[in-house]
Every structure is written in structure tokens, then in C-alpha cells.
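K.L.:
Structure: final_17.pdb, PDB, C-alpha atoms.
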ATOM      1  CA  MET P  30       6.129  19.281  -1.512
ATOM      2  CA  SER P  31       4.134  16.094  -1.101
ATOM      3  CA  LEU P  32       2.821  14.237  -4.089
ATOM      4  CA  VAL P  33      -0.868  14.586  -4.891
ATOM      5  CA  ILE P  34      -2.290  11.114  -5.510
ATOM      6  CA  SER P  35      -5.688  11.000  -7.188
ATOM      7  CA  GLU P  36      -8.745   9.648  -5.408
ATOM      8  CA  GLU P  37      -9.065   6.881  -8.011
ATOM      9  CA  ALA P  38      -5.528   5.716  -7.259
ATOM     10  CA  ILE P  39      -6.278   5.686  -3.518
ATOM     11  CA  LYS P  40      -9.535   3.812  -4.185
ATOM     12  CA  THR P  41      -7.602   1.168  -6.084
ATOM     13  CA  LEU P  42      -5.270   0.803  -3.126
ATOM     14  CA  THR P  43      -8.224   0.606  -0.748
ATOM     15  CA  GLY P  44      -9.901  -2.070  -2.848
ATOM     16  CA  HIS P  45      -6.813  -4.175  -2.524
ATOM     17  CA  PHE P  46      -7.417  -4.494   1.221
ATOM     18  CA  LYS P  47     -10.246  -6.892   0.400
ATOM     19  CA  ILE P  48      -7.472  -9.452   0.504
ATOM     20  CA  LEU P  49      -7.845  -9.331   4.302
ATOM     21  CA  SER P  50     -11.282 -11.020   4.088
ATOM     22  CA  GLY P  51     -11.257 -14.472   5.660
ATOM     23  CA  LYS P  52      -7.795 -14.078   7.122
ATOM     24  CA  THR P  53      -6.852 -14.983  10.693
ATOM     25  CA  VAL P  54      -6.857 -12.316  13.415
ATOM     26  CA  LEU P  55      -4.766 -12.833  16.551
ATOM     27  CA  LEU P  56      -5.577 -10.696  19.585
ATOM     28  CA  VAL P  57      -2.510  -9.985  21.672
ATOM     29  CA  ASP P  58      -1.718  -8.526  25.100
ATOM     30  CA  SER P  59       0.724  -5.824  26.175
ATOM     31  CA  THR P  60       3.778  -8.058  25.853
ATOM     32  CA  PHE P  61       3.605  -7.495  22.104
ATOM     33  CA  ASP P  62       5.333  -4.196  21.282
ATOM     34  CA  PHE P  63       3.575  -2.417  18.410
ATOM     35  CA  THR P  64       6.247   0.252  18.097
ATOM     36  CA  ASN P  65       8.537  -2.315  16.490
ATOM     37  CA  VAL P  66       6.382  -4.960  14.872
ATOM     38  CA  ASN P  67       9.129  -6.788  12.979
ATOM     39  CA  VAL P  68      11.156  -7.379  16.144
ATOM     40  CA  SER P  69       8.036  -8.214  18.187
ATOM     41  CA  ILE P  70       6.891 -10.809  15.650
ATOM     42  CA  SER P  71      10.223 -12.609  15.852
ATOM     43  CA  ARG P  72      10.182 -12.577  19.662
ATOM     44  CA  ALA P  73       6.523 -13.540  20.074
ATOM     45  CA  PHE P  74       6.568 -16.344  17.525
ATOM     46  CA  PRO P  75       9.915 -18.149  17.821
ATOM     47  CA  GLU P  76      10.666 -20.957  15.390
ATOM     48  CA  ASN P  77      10.242 -23.661  18.041
ATOM     49  CA  LEU P  78       6.646 -22.613  18.743
ATOM     50  CA  LYS P  79       4.205 -25.361  17.779
ATOM     51  CA  THR P  80       1.276 -23.252  16.612
ATOM     52  CA  VAL P  81       0.520 -19.571  16.338
ATOM     53  CA  LYS P  82      -2.089 -19.671  19.099
ATOM     54  CA  ASP P  83       0.493 -21.142  21.500
ATOM     55  CA  ALA P  84       2.330 -17.841  21.654
ATOM     56  CA  LYS P  85       2.195 -16.346  25.166
ATOM     57  CA  CYS P  86       0.976 -12.993  23.924
ATOM     58  CA  VAL P  87      -2.013 -14.454  22.021
ATOM     59  CA  LEU P  88      -5.277 -14.210  23.961
ATOM     60  CA  ALA P  89      -7.761 -15.263  21.276
ATOM     61  CA  SER P  90      -8.266 -15.552  17.542
ATOM     62  CA  PHE P  91     -11.033 -15.392  14.981
ATOM     63  CA  THR P  92     -11.552 -15.102  11.217
ATOM     64  CA  LEU P  93     -12.090 -11.668   9.689
ATOM     65  CA  PRO P  94     -15.441 -11.448   7.839
ATOM     66  CA  ASP P  95     -15.828 -10.285   4.243
ATOM     67  CA  ALA P  96     -14.949  -6.687   3.505
ATOM     68  CA  SER P  97     -17.118  -3.943   2.094
ATOM     69  CA  ILE P  98     -15.556  -0.975   0.299
ATOM     70  CA  SER P  99     -16.823   2.598   0.394
ATOM     71  CA  ASN P 100     -14.656   5.139  -1.433
ATOM     72  CA  THR P 101     -11.408   5.262   0.525
ATOM     73  CA  SER P 102     -12.619   3.170   3.459
ATOM     74  CA  ILE P 103     -12.749  -0.560   3.945
ATOM     75  CA  GLN P 104     -15.114  -2.036   6.519
ATOM     76  CA  PHE P 105     -15.327  -5.488   8.091
ATOM     77  CA  ASN P 106     -18.609  -5.986   9.917
ATOM     78  CA  GLY P 107     -19.409  -8.557  12.595
ATOM     79  CA  PRO P 108     -20.660  -9.654  14.895
ATOM     80  CA  VAL P 109     -18.245 -12.538  15.240
ATOM     81  CA  ILE P 110     -18.396 -14.381  18.557
ATOM     82  CA  PHE P 111     -15.146 -16.060  19.555
ATOM     83  CA  ASN P 112     -13.756 -17.995  22.498
ATOM     84  CA  CYS P 113     -11.003 -16.574  24.662
ATOM     85  CA  GLY P 114      -8.045 -18.907  25.053
ATOM     86  CA  SER P 115      -6.441 -16.901  27.853
ATOM     87  CA  SER P 116      -7.318 -14.196  30.340
ATOM     88  CA  GLY P 117      -5.934 -10.735  29.745
ATOM     89  CA  HIS P 118      -6.410  -7.311  28.197
ATOM     90  CA  ILE P 119      -6.474  -6.892  24.399
ATOM     91  CA  ARG P 120      -3.771  -4.396  23.399
ATOM     92  CA  GLY P 121      -3.802  -4.977  19.664
ATOM     93  CA  PHE P 122      -4.314  -7.337  16.776
ATOM     94  CA  ILE P 123      -2.347  -9.105  14.067
ATOM     95  CA  VAL P 124      -3.822 -10.252  10.755
ATOM     96  CA  PHE P 125      -1.865 -12.903   8.898
ATOM     97  CA  ASP P 126      -2.292 -15.209   5.925
ATOM     98  CA  GLY P 127      -2.398 -18.628   7.557
ATOM     99  CA  ASP P 128      -4.273 -20.821  10.013
ATOM    100  CA  PHE P 129      -3.975 -20.164  13.737
ATOM    101  CA  ASP P 130      -3.621 -23.870  14.545
ATOM    102  CA  GLN P 131      -0.733 -24.465  12.163
ATOM    103  CA  ARG P 132       2.975 -24.291  12.751
ATOM    104  CA  ILE P 133       4.373 -20.833  12.241
ATOM    105  CA  VAL P 134       7.398 -21.831  10.259
ATOM    106  CA  THR P 135       6.512 -23.846   7.182
ATOM    107  CA  THR P 136       8.476 -24.676   4.112
ATOM    108  CA  GLU P 137       6.879 -21.635   2.520
ATOM    109  CA  ALA P 138       7.302 -18.776   4.912
ATOM    110  CA  THR P 139       7.565 -17.542   8.470
ATOM    111  CA  ILE P 140       4.782 -15.568  10.109
ATOM    112  CA  SER P 141       6.655 -12.308   9.525
ATOM    113  CA  GLU P 142       6.518 -13.003   5.793
ATOM    114  CA  LYS P 143       2.829 -13.867   6.049
ATOM    115  CA  LEU P 144       2.009 -10.795   8.119
ATOM    116  CA  LEU P 145      -0.651  -8.624   6.503
ATOM    117  CA  LEU P 146      -1.558  -6.075   9.129
ATOM    118  CA  ALA P 147      -0.944  -5.244  12.784
ATOM    119  CA  SER P 148      -2.221  -2.433  14.989
ATOM    120  CA  ASN P 149      -2.682  -1.408  18.592
ATOM    121  CA  SER P 150      -5.829   0.535  17.690
ATOM    122  CA  VAL P 151      -8.518  -1.460  19.507
ATOM    123  CA  GLY P 152     -11.555  -0.316  21.467
ATOM    124  CA  CYS P 153     -15.143  -0.884  22.508
ATOM    125  CA  ILE P 154     -18.352   0.570  21.046
ATOM    126  CA  GLY P 155     -18.141   4.340  21.111
ATOM    127  CA  ASP P 156     -14.339   4.383  20.921
ATOM    128  CA  SER P 157     -12.421   5.711  17.923
ATOM    129  CA  ALA P 158     -10.363   2.692  16.953
ATOM    130  CA  ILE P 159      -9.735   0.426  13.978
ATOM    131  CA  MET P 160     -11.116  -2.723  15.602
ATOM    132  CA  ILE P 161     -14.141  -2.675  17.918
ATOM    133  CA  PHE P 162     -15.024  -5.365  20.495
ATOM    134  CA  GLU P 163     -17.655  -5.952  23.143
ATOM    135  CA  THR P 164     -14.931  -5.781  25.776
ATOM    136  CA  LEU P 165     -11.154  -5.593  25.881
ATOM    137  CA  HIS P 166     -10.966  -7.579  29.120
ATOM    138  CA  LEU P 167     -10.924 -11.287  28.368
ATOM    139  CA  SER P 168     -11.512 -14.232  30.692
ATOM    140  CA  LYS P 169     -10.264 -17.685  29.791
ATOM    141  CA  ASN P 170     -12.910 -19.941  28.185
ATOM    142  CA  CYS P 171     -15.433 -17.076  28.051
ATOM    143  CA  GLN P 172     -16.764 -15.531  24.849
ATOM    144  CA  ASN P 173     -16.255 -12.069  23.373
ATOM    145  CA  THR P 174     -17.678 -10.350  20.289
ATOM    146  CA  PHE P 175     -15.893  -8.631  17.408
ATOM    147  CA  TYR P 176     -18.189  -5.921  16.049
ATOM    148  CA  SER P 177     -16.278  -4.151  13.280
ATOM    149  CA  ALA P 178     -12.995  -3.024  11.794
ATOM    150  CA  ASN P 179     -12.560   0.082   9.686
ATOM    151  CA  LEU P 180      -9.549   1.220   7.697
ATOM    152  CA  THR P 181      -9.498   4.615   6.036
ATOM    153  CA  MET P 182      -6.686   4.799   3.515
ATOM    154  CA  ALA P 183      -7.076   8.433   2.465
ATOM    155  CA  GLY P 184      -4.030   9.331   4.515
ATOM    156  CA  VAL P 185      -1.704   6.811   2.890
TER
ATOM    157  CA  MET E   4      -0.079   6.985  19.908
ATOM    158  CA  LYS E   5      -1.890   4.272  17.982
ATOM    159  CA  ASN E   6      -0.304   2.876  14.889
ATOM    160  CA  LEU E   7      -0.935   0.584  11.972
ATOM    161  CA  PHE E   8       1.676  -1.697  10.464
ATOM    162  CA  LEU E   9       1.295  -3.129   6.947
ATOM    163  CA  GLY E  10       3.197  -6.352   6.291
ATOM    164  CA  GLN E  11       5.368  -7.342   3.353
ATOM    165  CA  ARG E  12       2.774  -9.920   2.283
ATOM    166  CA  LEU E  13       0.234  -7.157   1.773
ATOM    167  CA  PHE E  14       2.641  -5.031  -0.262
ATOM    168  CA  GLY E  15       3.810  -8.040  -2.240
ATOM    169  CA  SER E  16       0.300  -8.753  -3.428
ATOM    170  CA  LEU E  17      -0.083  -5.174  -4.679
ATOM    171  CA  VAL E  18       2.400  -6.022  -7.430
ATOM    172  CA  SER E  19       1.569  -8.732  -9.968
ATOM    173  CA  ASP E  20       1.834  -9.721 -13.598
ATOM    174  CA  SER E  21      -1.884 -10.497 -13.496
ATOM    175  CA  GLU E  22      -4.553  -7.854 -13.943
ATOM    176  CA  VAL E  23      -6.394  -9.381 -11.036
ATOM    177  CA  ASN E  24      -4.592 -10.945  -8.093
ATOM    178  CA  ASN E  25      -6.663 -13.065  -5.668
ATOM    179  CA  GLY E  26      -9.791 -11.413  -7.050
ATOM    180  CA  ILE E  27      -8.399  -7.921  -6.458
ATOM    181  CA  LYS E  28      -7.227  -5.515  -9.180
ATOM    182  CA  THR E  29      -3.467  -5.154  -9.117
ATOM    183  CA  LEU E  30      -2.051  -1.738  -8.216
ATOM    184  CA  VAL E  31       1.264  -2.232 -10.023
ATOM    185  CA  TYR E  32       0.827  -4.378 -13.129
ATOM    186  CA  THR E  33       4.058  -5.967 -14.310
ATOM    187  CA  GLY E  34       2.484  -7.739 -17.282
ATOM    188  CA  SER E  35       3.064  -6.490 -20.810
ATOM    189  CA  GLN E  36      -0.338  -7.227 -22.360
ATOM    190  CA  MET E  37      -2.886  -4.484 -22.857
ATOM    191  CA  PRO E  38      -5.067  -4.781 -19.771
ATOM    192  CA  SER E  39      -8.826  -4.990 -20.117
ATOM    193  CA  TYR E  40      -9.192  -2.119 -17.722
ATOM    194  CA  GLY E  41      -6.569   0.462 -16.973
ATOM    195  CA  ARG E  42      -6.936   1.004 -13.265
ATOM    196  CA  TYR E  43      -3.251   0.632 -12.353
ATOM    197  CA  ILE E  44      -0.694   3.030 -11.007
ATOM    198  CA  ALA E  45       2.186   1.626 -13.077
ATOM    199  CA  GLY E  46       2.905  -0.980 -15.735
ATOM    200  CA  GLY E  47       1.097  -2.340 -18.755
ATOM    201  CA  PRO E  48       2.279  -1.889 -22.351
ATOM    202  CA  ASN E  49       4.865   0.749 -23.219
ATOM    203  CA  GLY E  50       3.264   4.171 -23.380
ATOM    204  CA  HIS E  51       0.280   3.139 -21.270
ATOM    205  CA  PHE E  52       1.480   5.784 -18.798
ATOM    206  CA  ARG E  53       2.716   9.272 -19.587
ATOM    207  CA  LEU E  54       4.365  12.059 -17.656
ATOM    208  CA  ASP E  55       3.600  15.621 -18.744
ATOM    209  CA  VAL E  56       5.899  18.456 -17.683
ATOM    210  CA  PHE E  57       4.352  21.897 -17.154
ATOM    211  CA  SER E  58       5.338  25.430 -16.185
ATOM    212  CA  GLY E  59       3.525  27.659 -13.680
ATOM    213  CA  GLN E  60       1.464  26.599 -10.670
ATOM    214  CA  ILE E  61       0.171  23.062 -10.145
ATOM    215  CA  SER E  62      -3.339  22.933 -11.541
ATOM    216  CA  ASP E  63      -5.773  20.795 -13.461
ATOM    217  CA  SER E  64      -5.583  23.144 -16.433
ATOM    218  CA  SER E  65      -5.397  21.617 -19.877
ATOM    219  CA  GLU E  66      -2.605  23.851 -21.165
ATOM    220  CA  GLU E  67      -0.099  22.173 -23.445
ATOM    221  CA  ALA E  68       2.746  20.358 -21.745
ATOM    222  CA  LEU E  69       6.368  21.407 -22.318
ATOM    223  CA  ILE E  70       7.304  17.740 -22.734
ATOM    224  CA  THR E  71       5.339  14.509 -22.733
ATOM    225  CA  PHE E  72       7.404  11.496 -21.695
ATOM    226  CA  GLN E  73       6.125   8.084 -22.839
ATOM    227  CA  ILE E  74       6.580   5.714 -19.886
ATOM    228  CA  ASN E  75       7.421   2.077 -20.505
ATOM    229  CA  GLY E  76       5.893  -0.872 -18.680
ATOM    230  CA  ALA E  77       7.949  -3.389 -16.732
ATOM    231  CA  ASN E  78      11.116  -4.699 -18.369
ATOM    232  CA  ASN E  79      13.773  -7.063 -17.040
ATOM    233  CA  ASP E  80      16.316  -4.679 -18.551
ATOM    234  CA  THR E  81      16.108  -1.902 -15.953
ATOM    235  CA  SER E  82      17.367   0.671 -18.473
ATOM    236  CA  LYS E  83      14.167   0.068 -20.447
ATOM    237  CA  SER E  84      11.711  -0.218 -17.572
ATOM    238  CA  GLY E  85       9.335   2.649 -16.877
ATOM    239  CA  PHE E  86       9.282   1.994 -13.146
ATOM    240  CA  ASN E  87      10.874  -0.085 -10.450
ATOM    241  CA  PHE E  88       9.885  -1.180  -6.981
ATOM    242  CA  LYS E  89      11.332  -2.569  -3.777
ATOM    243  CA  ILE E  90       9.430  -4.289  -0.974
ATOM    244  CA  SER E  91      11.130  -4.128   2.403
ATOM    245  CA  ASP E  92      10.409  -3.632   6.104
ATOM    246  CA  GLU E  93       9.975   0.053   5.265
ATOM    247  CA  GLY E  94       7.081  -0.634   2.908
ATOM    248  CA  LEU E  95       6.620  -0.556  -0.856
ATOM    249  CA  ALA E  96       9.038   1.884  -2.483
ATOM    250  CA  LEU E  97       8.103   2.745  -6.064
ATOM    251  CA  THR E  98      10.009   4.833  -8.579
ATOM    252  CA  LEU E  99       7.512   5.832 -11.252
ATOM    253  CA  GLY E 100       7.690   7.812 -14.472
ATOM    254  CA  ILE E 101      11.131   6.739 -15.692
ATOM    255  CA  CYS E 102      11.925   7.523 -19.328
ATOM    256  CA  ASN E 103      15.502   6.748 -20.322
ATOM    257  CA  PHE E 104      14.807   7.564 -23.960
ATOM    258  CA  GLU E 105      15.542  11.082 -25.134
ATOM    259  CA  THR E 106      12.331  12.956 -25.727
ATOM    260  CA  ALA E 107      12.071  16.248 -27.603
ATOM    261  CA  ALA E 108      10.462  19.226 -25.838
ATOM    262  CA  ARG E 109       7.285  20.498 -27.461
ATOM    263  CA  LYS E 110       7.841  24.081 -26.347
ATOM    264  CA  SER E 111      10.124  26.206 -24.183
ATOM    265  CA  GLY E 112       9.459  27.156 -20.567
ATOM    266  CA  ASN E 113      10.467  26.742 -16.917
ATOM    267  CA  ALA E 114       9.466  23.255 -15.742
ATOM    268  CA  THR E 115       7.815  23.465 -12.317
ATOM    269  CA  TRP E 116       5.364  20.564 -12.001
ATOM    270  CA  PHE E 117       4.332  17.277 -13.571
ATOM    271  CA  ARG E 118       1.303  15.111 -14.084
ATOM    272  CA  TYR E 119       1.848  11.330 -14.267
ATOM    273  CA  TYR E 120      -1.210   9.532 -15.545
ATOM    274  CA  ASN E 121      -2.744   6.413 -17.023
ATOM    275  CA  VAL E 122      -3.694   7.056 -20.655
ATOM    276  CA  ARG E 123      -6.745   4.805 -20.531
ATOM    277  CA  ASP E 124      -7.902   6.039 -17.149
ATOM    278  CA  PRO E 125      -6.778   9.682 -16.710
ATOM    279  CA  GLU E 126      -8.352   9.802 -13.240
ATOM    280  CA  MET E 127      -5.466   7.611 -12.121
ATOM    281  CA  PHE E 128      -2.869  10.339 -11.736
ATOM    282  CA  ILE E 129      -0.151  11.738  -9.511
ATOM    283  CA  LEU E 130       0.917  15.386  -9.427
ATOM    284  CA  GLY E 131       4.214  16.669  -8.085
ATOM    285  CA  THR E 132       6.791  19.414  -8.226
ATOM    286  CA  ILE E 133       9.869  19.599 -10.460
ATOM    287  CA  GLY E 134      13.250  20.981  -9.459
ATOM    288  CA  ARG E 135      16.970  20.698 -10.046
ATOM    289  CA  VAL E 136      19.444  18.503  -8.199
ATOM    290  CA  GLY E 137      19.615  19.654  -4.567
ATOM    291  CA  SER E 138      16.030  20.864  -4.444
ATOM    292  CA  ASP E 139      13.352  19.119  -2.389
ATOM    293  CA  ALA E 140      11.109  18.726  -5.441
ATOM    294  CA  ASP E 141       9.394  15.416  -6.159
ATOM    295  CA  LEU E 142      10.932  15.026  -9.613
ATOM    296  CA  ILE E 143      14.470  16.090 -10.453
ATOM    297  CA  LEU E 144      15.417  17.213 -13.964
ATOM    298  CA  ALA E 145      18.970  17.948 -15.089
ATOM    299  CA  ASP E 146      17.780  21.336 -16.285
ATOM    300  CA  THR E 147      14.398  22.850 -15.544
ATOM    301  CA  GLN E 148      14.794  25.506 -18.244
ATOM    302  CA  ILE E 149      13.247  23.551 -21.079
ATOM    303  CA  ILE E 150      14.066  24.527 -24.659
ATOM    304  CA  GLU E 151      11.848  23.595 -27.582
ATOM    305  CA  ARG E 152      13.120  20.660 -29.690
ATOM    306  CA  ASN E 153      15.941  19.873 -27.222
ATOM    307  CA  ASN E 154      15.979  16.302 -25.920
ATOM    308  CA  TYR E 155      15.407  15.315 -22.267
ATOM    309  CA  LYS E 156      15.208  12.210 -20.102
ATOM    310  CA  CYS E 157      13.129  11.639 -16.995
ATOM    311  CA  PHE E 158      14.582   9.764 -14.024
ATOM    312  CA  GLY E 159      11.244   9.337 -12.234
ATOM    313  CA  PHE E 160       9.845  10.223  -8.830
ATOM    314  CA  LYS E 161       9.561   8.151  -5.674
ATOM    315  CA  VAL E 162       6.409   7.021  -3.893
ATOM    316  CA  LEU E 163       6.729   5.202  -0.575
ATOM    317  CA  LEU E 164       3.726   3.282   0.720
ATOM    318  CA  ASN E 165       5.062   3.230   4.254
ATOM    319  CA  SER E 166       4.587   0.117   6.375
ATOM    320  CA  LYS E 167       4.207   2.251   9.510
ATOM    321  CA  LEU E 168       1.176   4.520   9.648
ATOM    322  CA  TYR E 169      -0.299   6.546  12.488
ATOM    323  CA  VAL E 170      -3.978   6.070  13.206
ATOM    324  CA  LEU E 171      -5.913   9.313  13.333
ATOM    325  CA  GLY E 172      -8.465   9.993  16.060
ATOM    326  CA  THR E 173      -7.150   7.538  18.625
TER
END
Rewrite the structure from the file as C-alpha cells, please.
P.N.:
Amino acid sequence: MSLVISEEAIKTLTGHFKILSGKTVLLVDSTFDFTNVNVSISRAFPENLKTVKDAKCVLASFTLPDASISNTSIQFNGPVIFNCGSSGHIRGFIVFDGDFDQRIVTTEATISEKLLLASNSVGCIGDSAIMIFETLHLSKNCQNTFYSANLTMAGV
Amino acid sequence: MKNLFLGQRLFGSLVSDSEVNNGIKTLVYTGSQMPSYGRYIAGGPNGHFRLDVFSGQISDSSEEALITFQINGANNDTSKSGFNFKISDEGLALTLGICNFETAARKSGNATWFRYYNVRDPEMFILGTIGRVGSDADLILADTQIIERNNYKCFGFKVLLNSKLYVLGT
């Protein structure tokens, strides 16, 4: 038997995801393994790395816009135009509580401790995915557009 | 298969001794003051949460409970705390509805399900099944055959907000 959690309790949990507003999103390629995020984070962002965006797997970054809440869903709406630091194919994203041009390891915490969210659910308009972009194929120094991100927490 | 991973930082900020944490209402409130608004899933003053034990099928009926356990808020003395939590790579593991104080049954019956709820905001609730040790029920009682005026304790039920979720539709 699974517990039955009331809609109000789920809504409260959903509302908490507003904390993601204004946080840094890193777009990563296929070298980041989303089946084991804790291990991948340690490998992708070693302690001797200067800044988060220097990681080999990071293709681009941008700041997540403010969230809007609707019942058990949380929506982040763009468009946000961002520059692509490297060429490659977006395979997923990481949201963390820190600046992308700072050192990963600070006196406070490592990136794994600052990690808020990570997922390999990315797509283009018309796709069923958490985060939607103009294109998943990035070219260095070109621009791309983030359109939206949607999290539905009813299944938590 | 697409998946979603929730980090420890996110779970950590769900638990706070402030009613509002970074502008967001706290899910698990470890403060002891009476909150201005009761939209929490655990915590607050002692008795702010209750766990009613019922017989029969799970329902929203208003029939009288066999026992009503008064659930304490957070307490550094774990024997007096009404809940506990652990944040790890697995997610946020909560044990809710703990009542280590003997509570007299209101009436006799076979305990089969429970309703855990916030007294000030009854729409904040969790329902689950009750069984004996060895059963796969959500809440385990030493004896499910409840006898009027006998005393019982409640060891709580577990809720895991898992860090690894599958994304539907992708």
C-alpha cells in the first residue's frame, strides 16, 4: 500500500521549487552520465577545476527565470537567449546554487552539495521534456534560446 | 528512460526552523512557535499534528477514531520528538506521526488505516494502512486489535522524497 498524500501537501512541496528561480543552469553533453548523478558530478567537476563552466562536459549556461506555480506544476518561462561556449549536443541540464564563473570548491561547499536539480529530459518545441530549447545542437560562439521548463510534482 | 535528480541542497531547504525559508513556506517546520499559517507536513508546537487510527476501509468518512495520537513537534530529545528526518543521496527520508507517550484508546476495534493531519489545516493530510510487524502496511502497531481504554504508542510511518525520479512522457 502506498501512502496517499493530500493535494495541499503536494502543492506545498511544489511551491518550494520556486527556490530554483534565478539559479544557474549548466547544459551538458553526453559525457555526463545521468544514471548516476552523484558520481558524475564528482568526475565532471574535480576539485582542481577553476570554474564550473571550465568543465569539459559543459556546453553553455544561463540563469533560470522566475517561476510560476499552478497547482502541482511549476513553470519557468523564457525566452532566454544565451551564448554557447562549446559545440556539441545538449544531453541534459544541471541546476545549482552558485555562479558559473566561480570556483566549484569554496570554503562553504562543493558543487555536489550545492546541486539542486539535474535531468536528461531536454527537447525542442513539440517534444515532451522538462526543458525546451530552440535547438539541442550547439555551435561554439553561436546563440541558442531557452523557451521553458516544466516540473509536475504530482508523482512525487 | 529520462530521469530527474533532486539534490541534497533542495531537500535541505525543505526543512527549516523558520516558517518561511528564502521566501518559500517550509515543508517541515522544526520551530516550536505556533506558526502564523499551518501549511506544513510536520513540526510546529506539540499537538499541532495528530494521527487518527480507524477500522474498516480507507475513506474520508468522519466516523470516530479508535485512537487519536497527539504528535509532538521537533525536539532535540528524540524520544520526545514527533518526527525525524534524514537527508542523504537517497533523498529526504521522513518518519512522521511518532507518539512515544501512551495514549488511551477511545473505543475498541481492528485498526486498519490512519489519517495523519495538520490540526490547523486539515487539508494537509496523509492516509495509510496499519498492520502488525511483518506486514507491508505503512504504519506498524504492536497490536492492531485495539481495546477501549488500553494504552498504545505510535512509532510513525516513513515517507521518502526520493532524489531519483522518472520523467513521465519522455
K.L.:
For CA of Asp92 in chain E and CA of Lys47 in chain P, determine how far apart the two atoms are, in Å to one decimal place.
P.N.:
21.7 Å
K.L.:
Restrict the distance test to all atoms listed in the file, flag each residue of chain P within 8 Å of chain E, and return the flagged residues as an MDAnalysis selection string.
P.N.:
chainID P and resid 30:38 41:42 44:45 47:48 63:64 66:67 141:150 157:158 185
K.L.:
Do you know which residues the PyMOL selection byres ((chain P and resi 75) around 10) returns on this file, as a ChimeraX atom specification?
P.N.:
/P:70-74,76-79,81,84,133-134,139-140
K.L.:
Kindly export the residues of the current selection with C-alpha atoms, as a compact mmCIF listing (two decimals), in the coordinates of the input.
P.N.:
# COMPACT_ATOMS: atom_id res chain seq x y z
CA ILE P 70 6.89 -10.81 15.65
CA SER P 71 10.22 -12.61 15.85
CA ARG P 72 10.18 -12.58 19.66
CA ALA P 73 6.52 -13.54 20.07
CA PHE P 74 6.57 -16.34 17.52
CA GLU P 76 10.67 -20.96 15.39
CA ASN P 77 10.24 -23.66 18.04
CA LEU P 78 6.65 -22.61 18.74
CA LYS P 79 4.20 -25.36 17.78
CA VAL P 81 0.52 -19.57 16.34
CA ALA P 84 2.33 -17.84 21.65
CA ILE P 133 4.37 -20.83 12.24
CA VAL P 134 7.40 -21.83 10.26
CA THR P 139 7.56 -17.54 8.47
CA ILE P 140 4.78 -15.57 10.11
K.L.:
Ranking E:Thr33, E:Gln73, E:Asn153, E:Thr147 by minimum distance to Phe88 in chain E and counting all atoms listed in the file, which one comes first?
P.N.:
E:Thr33
K.L.:
Return as number ranges by chain the set of residues that the PyMOL selection byres ((chain P and resi 113-120) around 9) yields on the displayed structure.
P.N.:
P: 56-61, 82, 87-90, 111-112, 121-122, 148-152, 164-173
K.L.:
One decimal, Å: what's the distance from CA of Ala77 in chain E over to CA of Ala145 in chain E, could you say?
P.N.:
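Rounded to one decimal, the two atoms are 24.1 Å apart.
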K.L.:
Mind telling me what the PyMOL selection byres ((chain P and resi 93) around 6) catches here, as a PyMOL selection string?
P.N.:
chain P and resi 50-52+92+94
K.L.:
Box along x, y and z, 3 Å on every side, all listed atoms of range 75-94 of chain E inside: centre and edge lengths in Å to one decimal, as JSON.
P.N.:
{"center_x": 11.6, "center_y": -2.2, "center_z": -7.2, "size_x": 17.5, "size_y": 15.7, "size_z": 32.6}
K.L.:
Given the choices E:Ile74, E:Val122, E:Met37, E:Val136, which gets closest to Ile101 in chain E if the distance is worked out from all atoms listed in the file?
P.N.:
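Distance minimum relative to Ile101 in chain E lands on E:Ile74.
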K.L.:
So the first atom is CA of Phe158 in chain E and the second is CA of Gly47 in chain E; what is the distance between them in Å, to one decimal place?
P.N.:
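If I compute the distance from CA of Phe158 in chain E to CA of Gly47 in chain E, I get 18.7 Å.
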K.L.:
Which residue is closest to Asp55 in chain E? Choose from E:Arg109, E:Ile150, E:Leu97, E:Arg123 and count all atoms listed in the file.
P.N.:
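Among the listed residues, E:Arg109 lies closest to Asp55 in chain E.
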K.L.:
Could you give me, as a PyMOL selection string, the residues that sit within 10 Å of (2.9, 29.8, -14.1) in the file's coordinates, counting only C-alpha atoms?
P.N.:
chain E and resi 57-62+112-116
K.L.:
Give the answer as one residue: which of P:Asp62, P:Thr80, P:Ile98, P:Leu55 has the shortest atom-to-atom distance to Met160 in chain P, using only C-alpha atoms?
P.N.:
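Using only C-alpha atoms, Met160 in chain P sits closest to P:Leu55.
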K.L.:
Under the rule that only C-alpha atoms are counted, which of E:Thr98, E:Ser21, E:Ser111, E:Gln148 is the nearest residue to Pro38 in chain E?
P.N.:
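Among the listed residues, E:Ser21 lies closest to Pro38 in chain E.
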